[in-house]
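Engineer: My file is input.pdb. It has PDB, C-alpha atoms, pLDDT in the B column:
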ATOM      1  CA  MET A   8     144.152 152.266 -86.840  1.00 47.00           C
ATOM      2  CA  PRO A   9     141.310 154.125 -88.572  1.00 54.00           C
ATOM      3  CA  ASP A  10     139.892 157.190 -86.816  1.00 63.00           C
ATOM      4  CA  HIS A  11     136.208 156.232 -86.593  1.00 67.00           C
ATOM      5  CA  THR A  12     135.232 159.407 -84.701  1.00 69.00           C
ATOM      6  CA  SER A  13     136.789 161.576 -87.397  1.00 75.00           C
ATOM      7  CA  ASN A  14     135.057 159.556 -90.119  1.00 79.00           C
ATOM      8  CA  GLN A  15     131.688 159.930 -88.391  1.00 85.00           C
ATOM      9  CA  GLN A  16     132.162 163.690 -88.077  1.00 89.00           C
ATOM     10  CA  ARG A  17     133.140 163.869 -91.731  1.00 88.00           C
ATOM     11  CA  THR A  18     130.047 161.913 -92.752  1.00 90.00           C
ATOM     12  CA  LYS A  19     127.820 164.231 -90.704  1.00 93.00           C
ATOM     13  CA  ALA A  20     129.465 167.288 -92.283  1.00 94.00           C
ATOM     14  CA  LEU A  21     128.958 165.872 -95.776  1.00 95.00           C
ATOM     15  CA  THR A  22     125.333 165.018 -94.976  1.00 95.00           C
ATOM     16  CA  PHE A  23     124.729 168.589 -93.834  1.00 96.00           C
ATOM     17  CA  ALA A  24     126.500 169.962 -96.940  1.00 96.00           C
ATOM     18  CA  SER A  25     124.362 167.748 -99.175  1.00 96.00           C
ATOM     19  CA  ALA A  26     121.148 168.875 -97.476  1.00 97.00           C
ATOM     20  CA  LEU A  27     122.228 172.512 -97.777  1.00 97.00           C
ATOM     21  CA  LEU A  28     123.080 172.011-101.440  1.00 96.00           C
ATOM     22  CA  ILE A  29     119.695 170.442-102.162  1.00 97.00           C
ATOM     23  CA  ALA A  30     117.939 173.318-100.373  1.00 97.00           C
ATOM     24  CA  LEU A  31     119.912 175.885-102.372  1.00 97.00           C
ATOM     25  CA  LEU A  32     119.206 173.947-105.564  1.00 97.00           C
ATOM     26  CA  VAL A  33     115.475 174.096-104.896  1.00 96.00           C
ATOM     27  CA  LEU A  34     115.737 177.786-104.011  1.00 96.00           C
ATOM     28  CA  SER A  35     117.626 178.558-107.222  1.00 96.00           C
ATOM     29  CA  GLY A  36     114.884 176.890-109.247  1.00 95.00           C
ATOM     30  CA  LEU A  37     111.900 178.629-107.682  1.00 94.00           C
ATOM     31  CA  ARG A  38     111.931 181.694-109.924  1.00 91.00           C
ATOM     32  CA  PRO A  39     114.857 181.447-112.327  1.00 93.00           C
ATOM     33  CA  TYR A  40     115.235 183.975-115.133  1.00 90.00           C
ATOM     34  CA  ASP A  41     114.801 181.188-117.675  1.00 87.00           C
ATOM     35  CA  PHE A  42     113.748 177.728-116.487  1.00 90.00           C
ATOM     36  CA  ALA A  43     115.235 175.807-119.428  1.00 84.00           C
ATOM     37  CA  THR A  44     118.597 177.512-118.911  1.00 84.00           C
ATOM     38  CA  TRP A  45     118.453 176.788-115.179  1.00 92.00           C
ATOM     39  CA  ALA A  46     117.749 173.103-115.826  1.00 90.00           C
ATOM     40  CA  LEU A  47     120.677 172.814-118.220  1.00 87.00           C
ATOM     41  CA  GLU A  48     123.086 174.633-115.906  1.00 89.00           C
ATOM     42  CA  VAL A  49     122.258 172.690-112.730  1.00 94.00           C
ATOM     43  CA  ALA A  50     122.077 169.288-114.441  1.00 93.00           C
ATOM     44  CA  PRO A  51     125.677 168.424-113.375  1.00 94.00           C
ATOM     45  CA  VAL A  52     124.700 169.004-109.733  1.00 95.00           C
ATOM     46  CA  VAL A  53     121.628 166.794-110.021  1.00 95.00           C
ATOM     47  CA  ILE A  54     123.729 164.050-111.619  1.00 95.00           C
ATOM     48  CA  ALA A  55     126.743 164.331-109.313  1.00 95.00           C
ATOM     49  CA  LEU A  56     125.014 164.218-105.913  1.00 95.00           C
ATOM     50  CA  PRO A  57     123.544 160.689-106.218  1.00 96.00           C
ATOM     51  CA  ILE A  58     126.826 159.391-107.643  1.00 95.00           C
ATOM     52  CA  LEU A  59     128.838 160.882-104.770  1.00 95.00           C
ATOM     53  CA  TRP A  60     126.609 159.308-102.146  1.00 94.00           C
ATOM     54  CA  ALA A  61     126.387 155.959-103.928  1.00 95.00           C
ATOM     55  CA  SER A  62     130.190 155.752-104.073  1.00 94.00           C
ATOM     56  CA  TYR A  63     130.906 157.233-100.636  1.00 92.00           C
ATOM     57  CA  LYS A  64     131.537 153.987 -98.738  1.00 89.00           C
ATOM     58  CA  ARG A  65     133.401 152.277-101.554  1.00 91.00           C
ATOM     59  CA  PHE A  66     135.405 155.259-102.804  1.00 92.00           C
ATOM     60  CA  PRO A  67     135.248 158.306-100.487  1.00 93.00           C
ATOM     61  CA  LEU A  68     136.941 161.395-101.867  1.00 96.00           C
ATOM     62  CA  THR A  69     139.285 163.810-100.139  1.00 96.00           C
ATOM     63  CA  THR A  70     137.797 166.662 -98.159  1.00 95.00           C
ATOM     64  CA  LEU A  71     139.496 169.082-100.552  1.00 97.00           C
ATOM     65  CA  LEU A  72     137.630 167.570-103.470  1.00 97.00           C
ATOM     66  CA  TYR A  73     134.270 167.607-101.679  1.00 97.00           C
ATOM     67  CA  VAL A  74     134.786 171.307-100.876  1.00 97.00           C
ATOM     68  CA  GLY A  75     135.689 171.994-104.509  1.00 97.00           C
ATOM     69  CA  ILE A  76     132.593 170.173-105.761  1.00 97.00           C
ATOM     70  CA  PHE A  77     130.402 172.107-103.316  1.00 97.00           C
ATOM     71  CA  ALA A  78     131.850 175.446-104.460  1.00 97.00           C
ATOM     72  CA  HIS A  79     131.461 174.487-108.119  1.00 97.00           C
ATOM     73  CA  ALA A  80     127.824 173.542-107.499  1.00 97.00           C
ATOM     74  CA  LEU A  81     127.185 176.984-105.997  1.00 97.00           C
ATOM     75  CA  VAL A  82     128.686 178.636-109.081  1.00 96.00           C
ATOM     76  CA  LEU A  83     126.476 176.539-111.366  1.00 95.00           C
ATOM     77  CA  MET A  84     123.290 177.178-109.408  1.00 96.00           C
ATOM     78  CA  LEU A  85     123.864 180.923-109.234  1.00 95.00           C
ATOM     79  CA  GLY A  86     124.564 181.023-112.954  1.00 93.00           C
ATOM     80  CA  GLY A  87     121.475 178.944-113.632  1.00 92.00           C
ATOM     81  CA  ALA A  88     119.189 181.110-111.513  1.00 94.00           C
ATOM     82  CA  TYR A  89     120.174 184.418-113.118  1.00 93.00           C
ATOM     83  CA  THR A  90     121.768 183.137-116.368  1.00 88.00           C
ATOM     84  CA  TYR A  91     125.501 183.777-116.512  1.00 87.00           C
ATOM     85  CA  ALA A  92     125.214 187.107-118.311  1.00 86.00           C
ATOM     86  CA  ARG A  93     122.972 188.525-115.542  1.00 90.00           C
ATOM     87  CA  VAL A  94     124.585 187.381-112.289  1.00 92.00           C
ATOM     88  CA  PRO A  95     124.915 190.459-110.012  1.00 94.00           C
ATOM     89  CA  LEU A  96     128.382 189.417-108.822  1.00 93.00           C
ATOM     90  CA  GLY A  97     129.513 189.447-112.431  1.00 92.00           C
ATOM     91  CA  PHE A  98     128.316 193.020-112.876  1.00 93.00           C
ATOM     92  CA  GLN A  99     130.251 194.053-109.769  1.00 95.00           C
ATOM     93  CA  ILE A 100     133.415 192.456-111.140  1.00 94.00           C
ATOM     94  CA  GLN A 101     132.740 194.114-114.481  1.00 92.00           C
ATOM     95  CA  ASP A 102     132.610 197.513-112.781  1.00 95.00           C
ATOM     96  CA  TRP A 103     135.695 196.867-110.627  1.00 95.00           C
ATOM     97  CA  LEU A 104     137.813 195.766-113.578  1.00 92.00           C
ATOM     98  CA  GLU A 105     136.175 198.092-116.107  1.00 91.00           C
ATOM     99  CA  LEU A 106     135.306 195.223-118.451  1.00 87.00           C
ATOM    100  CA  GLN A 107     133.010 195.365-121.461  1.00 86.00           C
ATOM    101  CA  ARG A 108     130.899 192.375-120.422  1.00 87.00           C
ATOM    102  CA  ASN A 109     129.737 190.403-117.400  1.00 90.00           C
ATOM    103  CA  PRO A 110     132.589 187.920-116.724  1.00 90.00           C
ATOM    104  CA  TYR A 111     130.731 185.534-114.387  1.00 93.00           C
ATOM    105  CA  ASP A 112     130.737 182.756-116.984  1.00 91.00           C
ATOM    106  CA  LYS A 113     134.548 182.796-116.854  1.00 93.00           C
ATOM    107  CA  ILE A 114     134.343 181.973-113.148  1.00 94.00           C
ATOM    108  CA  GLY A 115     132.212 178.992-114.120  1.00 93.00           C
ATOM    109  CA  HIS A 116     134.725 177.822-116.695  1.00 94.00           C
ATOM    110  CA  PHE A 117     137.604 178.343-114.253  1.00 97.00           C
ATOM    111  CA  PHE A 118     135.862 175.946-111.858  1.00 97.00           C
ATOM    112  CA  GLN A 119     135.153 173.669-114.826  1.00 95.00           C
ATOM    113  CA  GLY A 120     138.927 173.303-115.034  1.00 97.00           C
ATOM    114  CA  LEU A 121     139.866 173.354-111.352  1.00 98.00           C
ATOM    115  CA  VAL A 122     137.428 170.779-109.968  1.00 98.00           C
ATOM    116  CA  PRO A 123     137.654 168.195-112.795  1.00 97.00           C
ATOM    117  CA  ALA A 124     141.452 168.488-112.523  1.00 98.00           C
ATOM    118  CA  LEU A 125     141.263 167.518-108.856  1.00 98.00           C
ATOM    119  CA  VAL A 126     138.817 164.700-109.669  1.00 97.00           C
ATOM    120  CA  ALA A 127     141.003 163.325-112.453  1.00 98.00           C
ATOM    121  CA  ARG A 128     144.174 163.648-110.390  1.00 97.00           C
ATOM    122  CA  GLU A 129     142.649 161.828-107.419  1.00 97.00           C
ATOM    123  CA  ILE A 130     141.320 158.958-109.502  1.00 96.00           C
ATOM    124  CA  LEU A 131     144.596 158.551-111.391  1.00 97.00           C
ATOM    125  CA  ILE A 132     146.697 158.588-108.218  1.00 96.00           C
ATOM    126  CA  ARG A 133     144.529 156.278-106.150  1.00 95.00           C
ATOM    127  CA  GLY A 134     144.090 153.864-109.040  1.00 93.00           C
ATOM    128  CA  GLN A 135     147.845 153.958-109.757  1.00 92.00           C
ATOM    129  CA  HIS A 136     147.074 154.560-113.424  1.00 95.00           C
ATOM    130  CA  VAL A 137     149.943 156.989-114.078  1.00 93.00           C
ATOM    131  CA  ASN A 138     153.593 156.961-113.006  1.00 89.00           C
ATOM    132  CA  GLY A 139     155.491 160.184-112.471  1.00 93.00           C
ATOM    133  CA  PRO A 140     154.289 163.697-111.537  1.00 94.00           C
ATOM    134  CA  LYS A 141     155.022 165.203-114.965  1.00 96.00           C
ATOM    135  CA  MET A 142     152.970 162.595-116.832  1.00 97.00           C
ATOM    136  CA  LEU A 143     150.235 162.906-114.200  1.00 97.00           C
ATOM    137  CA  ALA A 144     150.032 166.679-114.725  1.00 97.00           C
ATOM    138  CA  PHE A 145     149.994 166.261-118.507  1.00 97.00           C
ATOM    139  CA  ILE A 146     147.185 163.689-118.426  1.00 97.00           C
ATOM    140  CA  VAL A 147     145.139 165.799-115.996  1.00 98.00           C
ATOM    141  CA  VAL A 148     145.398 168.878-118.226  1.00 98.00           C
ATOM    142  CA  CYS A 149     144.441 166.793-121.271  1.00 97.00           C
ATOM    143  CA  ILE A 150     141.387 165.422-119.461  1.00 98.00           C
ATOM    144  CA  VAL A 151     140.287 168.913-118.419  1.00 98.00           C
ATOM    145  CA  LEU A 152     140.634 170.274-121.955  1.00 97.00           C
ATOM    146  CA  ALA A 153     138.701 167.273-123.287  1.00 97.00           C
ATOM    147  CA  ILE A 154     135.893 167.941-120.793  1.00 95.00           C
ATOM    148  CA  SER A 155     135.889 171.629-121.694  1.00 94.00           C
ATOM    149  CA  ALA A 156     135.756 170.873-125.414  1.00 93.00           C
ATOM    150  CA  THR A 157     132.928 168.384-124.857  1.00 92.00           C
ATOM    151  CA  TYR A 158     130.966 171.037-122.966  1.00 88.00           C
ATOM    152  CA  GLU A 159     131.441 173.444-125.875  1.00 86.00           C
ATOM    153  CA  PHE A 160     130.071 170.731-128.188  1.00 87.00           C
ATOM    154  CA  VAL A 161     127.042 170.438-125.901  1.00 84.00           C
ATOM    155  CA  GLU A 162     126.536 174.212-126.080  1.00 79.00           C
ATOM    156  CA  TRP A 163     126.811 174.041-129.864  1.00 80.00           C
ATOM    157  CA  GLY A 164     124.222 171.267-129.980  1.00 80.00           C
ATOM    158  CA  VAL A 165     121.837 173.215-127.763  1.00 75.00           C
ATOM    159  CA  ALA A 166     122.279 176.253-129.991  1.00 73.00           C
ATOM    160  CA  LEU A 167     121.432 174.225-133.096  1.00 75.00           C
ATOM    161  CA  ILE A 168     118.353 172.704-131.484  1.00 75.00           C
ATOM    162  CA  ALA A 169     117.046 175.767-129.664  1.00 65.00           C
ATOM    163  CA  GLY A 170     118.058 178.403-132.192  1.00 60.00           C
ATOM    164  CA  GLN A 171     117.860 181.946-130.877  1.00 52.00           C
ATOM    165  CA  GLY A 172     116.539 180.677-127.569  1.00 51.00           C
ATOM    166  CA  ALA A 173     119.946 179.227-126.720  1.00 51.00           C
ATOM    167  CA  GLU A 174     121.499 182.663-126.180  1.00 55.00           C
ATOM    168  CA  GLU A 175     120.823 182.586-122.424  1.00 52.00           C
ATOM    169  CA  PHE A 176     122.543 179.205-122.077  1.00 52.00           C
ATOM    170  CA  LEU A 177     125.508 180.146-124.256  1.00 52.00           C
ATOM    171  CA  GLY A 178     126.056 183.485-122.545  1.00 53.00           C
ATOM    172  CA  THR A 179     128.406 184.688-125.282  1.00 53.00           C
ATOM    173  CA  GLN A 180     127.298 188.336-124.917  1.00 57.00           C
ATOM    174  CA  GLY A 181     128.418 189.019-128.470  1.00 56.00           C
ATOM    175  CA  ASP A 182     131.987 187.768-127.921  1.00 64.00           C
ATOM    176  CA  PRO A 183     133.190 185.955-131.093  1.00 67.00           C
ATOM    177  CA  TRP A 184     136.030 184.326-129.090  1.00 71.00           C
ATOM    178  CA  ASP A 185     133.836 183.105-126.239  1.00 78.00           C
ATOM    179  CA  THR A 186     134.485 179.415-126.919  1.00 83.00           C
ATOM    180  CA  GLN A 187     138.246 179.849-126.989  1.00 88.00           C
ATOM    181  CA  SER A 188     138.318 181.994-123.846  1.00 90.00           C
ATOM    182  CA  ASP A 189     136.052 179.494-122.046  1.00 91.00           C
ATOM    183  CA  MET A 190     138.550 176.715-122.703  1.00 94.00           C
ATOM    184  CA  PHE A 191     141.449 178.975-121.735  1.00 95.00           C
ATOM    185  CA  PHE A 192     139.863 179.687-118.348  1.00 96.00           C
ATOM    186  CA  ALA A 193     139.337 175.957-117.851  1.00 96.00           C
ATOM    187  CA  LEU A 194     143.047 175.513-118.568  1.00 97.00           C
ATOM    188  CA  ILE A 195     143.873 178.193-115.993  1.00 98.00           C
ATOM    189  CA  GLY A 196     141.681 176.361-113.481  1.00 98.00           C
ATOM    190  CA  ALA A 197     143.467 173.067-114.143  1.00 98.00           C
ATOM    191  CA  VAL A 198     146.913 174.619-113.764  1.00 98.00           C
ATOM    192  CA  THR A 199     145.784 176.350-110.560  1.00 98.00           C
ATOM    193  CA  ALA A 200     144.621 173.025-109.150  1.00 98.00           C
ATOM    194  CA  LEU A 201     147.939 171.368-109.992  1.00 98.00           C
ATOM    195  CA  VAL A 202     150.158 174.170-108.697  1.00 98.00           C
ATOM    196  CA  LEU A 203     148.294 175.228-105.550  1.00 97.00           C
ATOM    197  CA  PHE A 204     146.396 172.168-104.363  1.00 98.00           C
ATOM    198  CA  SER A 205     148.492 169.122-105.314  1.00 97.00           C
ATOM    199  CA  PRO A 206     150.446 168.964-102.002  1.00 96.00           C
ATOM    200  CA  LEU A 207     147.283 169.228 -99.897  1.00 97.00           C
ATOM    201  CA  GLN A 208     145.482 166.659-102.034  1.00 98.00           C
ATOM    202  CA  ASP A 209     148.450 164.286-101.775  1.00 96.00           C
ATOM    203  CA  ARG A 210     148.381 164.467 -97.967  1.00 96.00           C
ATOM    204  CA  GLN A 211     144.646 163.861 -97.837  1.00 96.00           C
ATOM    205  CA  ILE A 212     144.901 160.943-100.277  1.00 96.00           C
ATOM    206  CA  GLN A 213     147.596 159.423 -98.061  1.00 94.00           C
ATOM    207  CA  ARG A 214     145.360 159.700 -94.998  1.00 91.00           C
ATOM    208  CA  LEU A 215     142.453 158.102 -96.863  1.00 88.00           C
ATOM    209  CA  THR A 216     144.707 155.292 -98.046  1.00 84.00           C
ATOM    210  CA  ASN A 217     146.046 154.683 -94.547  1.00 80.00           C
ATOM    211  CA  ASN A 218     142.535 154.569 -93.096  1.00 73.00           C
ATOM    212  CA  ASN A 219     141.371 152.129 -95.760  1.00 65.00           C
ATOM    213  CA  ASP A 220     144.400 149.893 -95.212  1.00 57.00           C
ATOM    214  CA  ALA A 221     143.883 149.965 -91.453  1.00 55.00           C
ATOM    215  CA  GLY A 222     140.193 149.168 -91.846  1.00 53.00           C
TER     216      GLY A 222
END
Spit out the file's structure as structure tokens when you get a sec.
Structural biologist:
Amino acid sequence: MPDHTSNQQRTKALTFASALLIALLVLSGLRPYDFATWALEVAPVVIALPILWASYKRFPLTTLLYVGIFAHALVLMLGGAYTYARVPLGFQIQDWLELQRNPYDKIGHFFQGLVPALVAREILIRGQHVNGPKMLAFIVVCIVLAISATYEFVEWGVALIAGQGAEEFLGTQGDPWDTQSDMFFALIGAVTALVLFSPLQDRQIQRLTNNNDAG
């Protein structure tokens, strides 16, 4: 029997999270360092929110995935407001680890691997598109690397169109291996998702499936 009270509480929590996210999105765009960079960085948030709500009744996601998407959105908005090379948190990490550059963009690319890995894994499992945990993990990693490579193509295209003005969006900070390290951090994020969060996601998928079957 589906737990209607729990579902109602979950819907209220997601509604509050969405409202908070929209408020933070507006706040991040009030006085960004560079408006064009902000718009490019937060575009995934603007696109994802309507899709998530439009699909909520037909295909609700696990709570784990909603939390991951929320956290990823915060990373994107903070990076958009300051530009990745100027985020204060990145400078603190740079000082702590004695790095040569602000590493905040690597946090962004880590989440670019972690969250899409959870999205891909959930869709593949619930749609019964892949058999076997090893093949599932392989396909998820491939999807994440494809997304990461596509994003690097987008950055390349922006650089060609905008010329020198694309530096804030690229955030390379003079690193000739920035593209490769970006994809590597996405890979680390994907592996982290698979190793640390697969059991929890499996349990939450099972509960969602049971509720849908009971309903």
Engineer: Go ahead and compute the interatomic distance for CA of Leu143 in chain A and CA of Pro51 in chain A, in Å to one decimal.
Structural biologist: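 So the answer is 25.2 Å.
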Engineer: Could you state the separation of CA of Arg38 in chain A and CA of Gly164 in chain A in Å, given to one decimal place?
Structural biologist: 25.7 Å
Engineer: Kindly provide, as a short mmCIF file (atom, residue, chain, number, x, y, z; two decimals) with C-alpha atoms, keeping the file's coordinate frame, the polymer residues lying within 8 Å of (132.5, 162.1, -98.5), counting only C-alpha atoms and using the coordinates exactly as they appear in the file.
Structural biologist:
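Writing the result to result_5.cif gives the following:
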data_model
loop_
_atom_site.label_atom_id
_atom_site.label_comp_id
_atom_site.auth_asym_id
_atom_site.auth_seq_id
_atom_site.Cartn_x
_atom_site.Cartn_y
_atom_site.Cartn_z
CA ARG A 17 133.14 163.87 -91.73
CA THR A 18 130.05 161.91 -92.75
CA LEU A 21 128.96 165.87 -95.78
CA LEU A 59 128.84 160.88 -104.77
CA TRP A 60 126.61 159.31 -102.15
CA TYR A 63 130.91 157.23 -100.64
CA PRO A 67 135.25 158.31 -100.49
CA LEU A 68 136.94 161.40 -101.87
CA THR A 69 139.28 163.81 -100.14
CA THR A 70 137.80 166.66 -98.16
CA TYR A 73 134.27 167.61 -101.68
#
Engineer: Of the residues A:Leu96, A:Ile150, A:Ala88, A:Met142, which is the one nearest to Ala127 in chain A, using all atoms listed in the file?
Structural biologist: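 Counting all atoms listed in the file, the residue closest to Ala127 in chain A is A:Ile150.
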Engineer: Give me the result of the PyMOL selection byres ((chain A and resi 29-36) around 7) on this file, residue by residue, as a compact mmCIF listing (two decimals) with C-alpha atoms, in the coordinates of the input.
Structural biologist:
# COMPACT_ATOMS: atom_id res chain seq x y z
CA SER A 25 124.36 167.75 -99.18
CA ALA A 26 121.15 168.88 -97.48
CA LEU A 27 122.23 172.51 -97.78
CA LEU A 28 123.08 172.01 -101.44
CA LEU A 37 111.90 178.63 -107.68
CA ARG A 38 111.93 181.69 -109.92
CA PRO A 39 114.86 181.45 -112.33
CA TRP A 45 118.45 176.79 -115.18
CA MET A 84 123.29 177.18 -109.41
CA LEU A 85 123.86 180.92 -109.23
CA ALA A 88 119.19 181.11 -111.51
Engineer: When you count all atoms listed in the file, which of these residues is closest to Ile146 in chain A: A:Tyr89, A:Phe98, A:Leu201, A:Phe117?
Structural biologist: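 Among the listed residues, A:Leu201 lies closest to Ile146 in chain A.
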Engineer: For the structure shown, which residues end up in the PyMOL selection byres ((chain A and resi 189) around 10)? Put them as a PyMOL selection string, please?
Structural biologist: chain A and resi 112-117+119-120+155-156+158-159+179+184-188+190-195
Engineer: Of the candidates A:Ala55, A:Leu71, A:Ile76, A:Leu104, which one gets nearest to Pro123 in chain A if we count only C-alpha atoms?
Structural biologist: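 Closest residue, counting only C-alpha atoms: A:Ile76.
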Engineer: Between A:Ile100, A:Val165, A:Ala24, A:Ala78, which is the closest to Ala43 in chain A once you count all atoms listed in the file?
Structural biologist: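 Closest residue, counting all atoms listed in the file: A:Val165.
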